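The file entry-v6.cif comes next; it holds mmCIF, C-alpha atoms.
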data_run
loop_
_atom_site.label_atom_id
_atom_site.label_comp_id
_atom_site.auth_asym_id
_atom_site.auth_seq_id
_atom_site.Cartn_x
_atom_site.Cartn_y
_atom_site.Cartn_z
CA MET A 17 0.00 0.00 0.00
CA TRP A 18 2.65 2.55 1.01
CA SER A 19 4.92 1.55 -1.83
CA SER A 20 2.51 3.08 -4.34
CA VAL A 21 3.07 6.57 -2.85
CA PRO A 22 6.04 8.30 -4.50
CA ALA A 23 8.75 9.34 -2.03
CA SER A 24 8.85 12.85 -3.49
CA ARG A 25 5.32 13.44 -2.25
CA PHE A 26 6.65 13.67 1.30
CA SER A 27 9.97 15.31 0.49
CA TRP A 28 8.95 18.54 2.28
CA ILE A 29 8.92 16.71 5.61
CA SER A 30 12.27 17.37 7.22
CA THR A 31 13.69 18.42 10.54
CA ALA A 32 16.46 20.44 8.91
CA PRO A 33 15.88 23.87 7.43
CA PRO A 34 15.32 23.76 3.63
CA CYS A 35 18.54 25.67 3.06
CA GLY A 36 22.02 25.77 4.51
CA ARG A 37 22.54 26.72 8.14
CA ALA A 38 24.13 30.06 7.21
CA GLN A 39 21.14 31.04 5.07
CA TYR A 40 18.76 29.96 7.83
CA GLU A 41 20.61 32.18 10.32
CA GLU A 42 20.53 35.15 7.92
CA ASP A 43 16.78 34.73 7.42
CA LEU A 44 16.34 34.46 11.16
CA ALA A 45 18.34 37.67 11.67
CA LEU A 46 15.96 39.53 9.35
CA TYR A 47 12.83 38.22 11.08
CA LEU A 48 14.28 38.96 14.52
CA LYS A 49 15.01 42.52 13.36
CA ILE A 50 11.39 42.84 12.26
CA ALA A 51 10.15 41.47 15.60
CA GLY A 52 12.41 43.88 17.50
CA THR A 53 11.11 46.79 15.45
CA VAL A 54 7.52 45.84 16.27
CA LEU A 55 8.34 45.58 19.98
CA ARG A 56 9.87 49.07 19.96
CA ARG A 57 7.16 50.56 17.73
CA PRO A 58 3.93 48.62 18.29
CA ARG A 59 1.92 51.09 16.19
CA ILE A 60 3.35 49.55 13.01
CA LEU A 61 2.04 46.06 13.82
CA PRO A 62 -1.19 46.40 11.77
CA HIS A 63 0.76 47.86 8.85
CA LEU A 64 3.37 45.11 9.05
CA ALA A 65 0.67 42.44 9.23
CA ARG A 66 -0.96 43.80 6.07
CA ALA A 67 2.38 43.93 4.25
CA ALA A 68 3.26 40.39 5.35
CA TRP A 69 -0.11 39.11 4.19
CA ALA A 70 0.32 40.82 0.82
CA PHE A 71 3.76 39.25 0.29
CA ARG A 72 3.01 35.78 1.67
CA ALA A 73 4.02 32.73 -0.31
CA ARG A 74 1.37 30.76 -2.14
CA ASP A 75 0.32 27.63 -0.31
CA TRP A 76 2.18 28.78 2.81
CA TYR A 77 -0.13 26.61 4.89
CA ARG A 78 1.15 23.47 3.13
CA ARG A 79 4.86 23.88 3.89
CA PRO A 80 6.77 24.21 7.14
CA PRO A 81 7.05 26.48 9.07
CA PHE A 82 3.33 26.97 8.22
CA LEU A 83 3.56 30.76 8.54
CA PRO A 84 2.48 33.33 5.94
CA LEU A 85 6.04 34.44 5.18
CA PRO A 86 7.27 35.78 1.85
CA PRO A 87 9.25 33.34 -0.30
CA ARG A 88 12.99 33.31 0.48
CA SER A 89 13.82 34.08 -3.15
CA TYR A 90 11.60 37.18 -3.05
CA MET A 91 13.17 38.46 0.18
CA ARG A 92 16.68 37.91 -1.19
CA TRP A 93 15.74 39.76 -4.39
CA ARG A 94 14.27 42.67 -2.38
CA MET A 95 17.41 42.95 -0.24
CA GLU A 96 19.68 42.76 -3.26
CA THR A 97 17.80 45.44 -5.19
CA ALA A 98 17.58 47.71 -2.14
CA TYR A 99 21.05 47.22 -0.63
CA GLY A 100 23.14 45.39 -3.22
CA ASP A 101 23.44 42.39 -0.92
CA PRO A 102 20.86 39.57 -0.80
CA ASN A 103 21.80 38.91 2.85
CA ALA A 104 21.36 42.51 4.02
CA VAL A 105 19.26 43.30 7.07
CA PRO A 106 17.59 46.73 6.82
CA PRO A 107 17.86 49.24 9.66
CA ALA A 108 14.79 49.41 11.91
CA ALA A 109 13.95 52.99 10.88
CA GLU A 110 14.00 52.06 7.20
CA LEU A 111 11.87 49.00 7.81
CA GLU A 112 9.30 51.13 9.61
CA ARG A 113 9.33 53.74 6.83
CA TYR A 114 8.82 51.07 4.17
CA VAL A 115 5.93 49.37 6.00
CA LEU A 116 4.13 52.69 6.56
CA TRP A 117 4.71 53.68 2.93
CA THR A 118 3.21 50.44 1.60
CA SER A 119 0.21 50.93 3.85
CA ARG A 120 -0.35 54.47 2.54
CA MET A 121 0.00 53.30 -1.06
CA ARG A 122 -2.61 50.57 -0.54
CA GLN A 123 -5.00 53.12 0.97
CA LEU A 124 -4.51 55.44 -2.00
CA MET A 125 -5.08 52.60 -4.46
CA ARG A 126 -8.30 51.63 -2.66
CA ARG A 127 -9.54 55.23 -2.80
CA ARG A 128 -8.88 55.41 -6.53
CA THR A 129 -10.80 52.22 -7.20
CA ASP A 130 -13.70 53.42 -5.05
CA ASP A 131 -14.10 56.64 -7.05
#
Written as structure tokens, how would this file's structure read?
Amino acid sequence: MWSSVPASRFSWISTAPPCGRAQYEEDLALYLKIAGTVLRRPRILPHLARAAWAFRARDWYRRPPFLPLPPRSYMRWRMETAYGDPNAVPPAAELERYVLWTSRMRQLMRRRTDD
């Protein structure tokens, strides 16, 4: 019975991170920076939640860590285009400015579609 199920079907099940340890630690550094920014500036939490939801990976609920996080490739591309380094971690002030800017832009786009 179990032999008819291809092994690749369960290939996402793993205790190790899907990338190398160094990449995992760099990703963790970025998300810890975001969490620290939210703790220092709780007013940006709703804006950050909206931005995170907008950039979430498709089918995030089907792959560990089962969180609506943006795809790693997208985050690396964003960091490379913004800072010239795919492993960059943005300063807290810049992160806050970006999250508030995206929130304002979404509000403006909604207003234009409502008119």
Polymer residues at most 9 Å from Pro87 (chain A), only C-alpha atoms, same-chain spacing of 5 or more positions, as a PyMOL selection string
chain A and resi 71-74+76+92
When the PyMOL selection byres ((chain A and resi 119-128) around 12) is applied to the structure above, which residues does it catch, written out as number ranges by chain?
A: 60-70, 112-118, 129-131
The PyMOL selection byres ((chain A and resi 42-50) around 12) applied to the shown file, residues as a PyMOL selection string:
chain A and resi 33-41+51-58+60-61+64-65+68+85-92+95+101-112+114-115
Build an axis-aligned box that encloses every atom of region 60-64 of chain A listed in the file, pad it by 3 Å on each side, and report its centre and edge lengths in Å to one decimal, as AutoDock Vina command-line options.
--center_x 1.1 --center_y 47.3 --center_z 11.3 --size_x 10.6 --size_y 10.4 --size_z 11.0
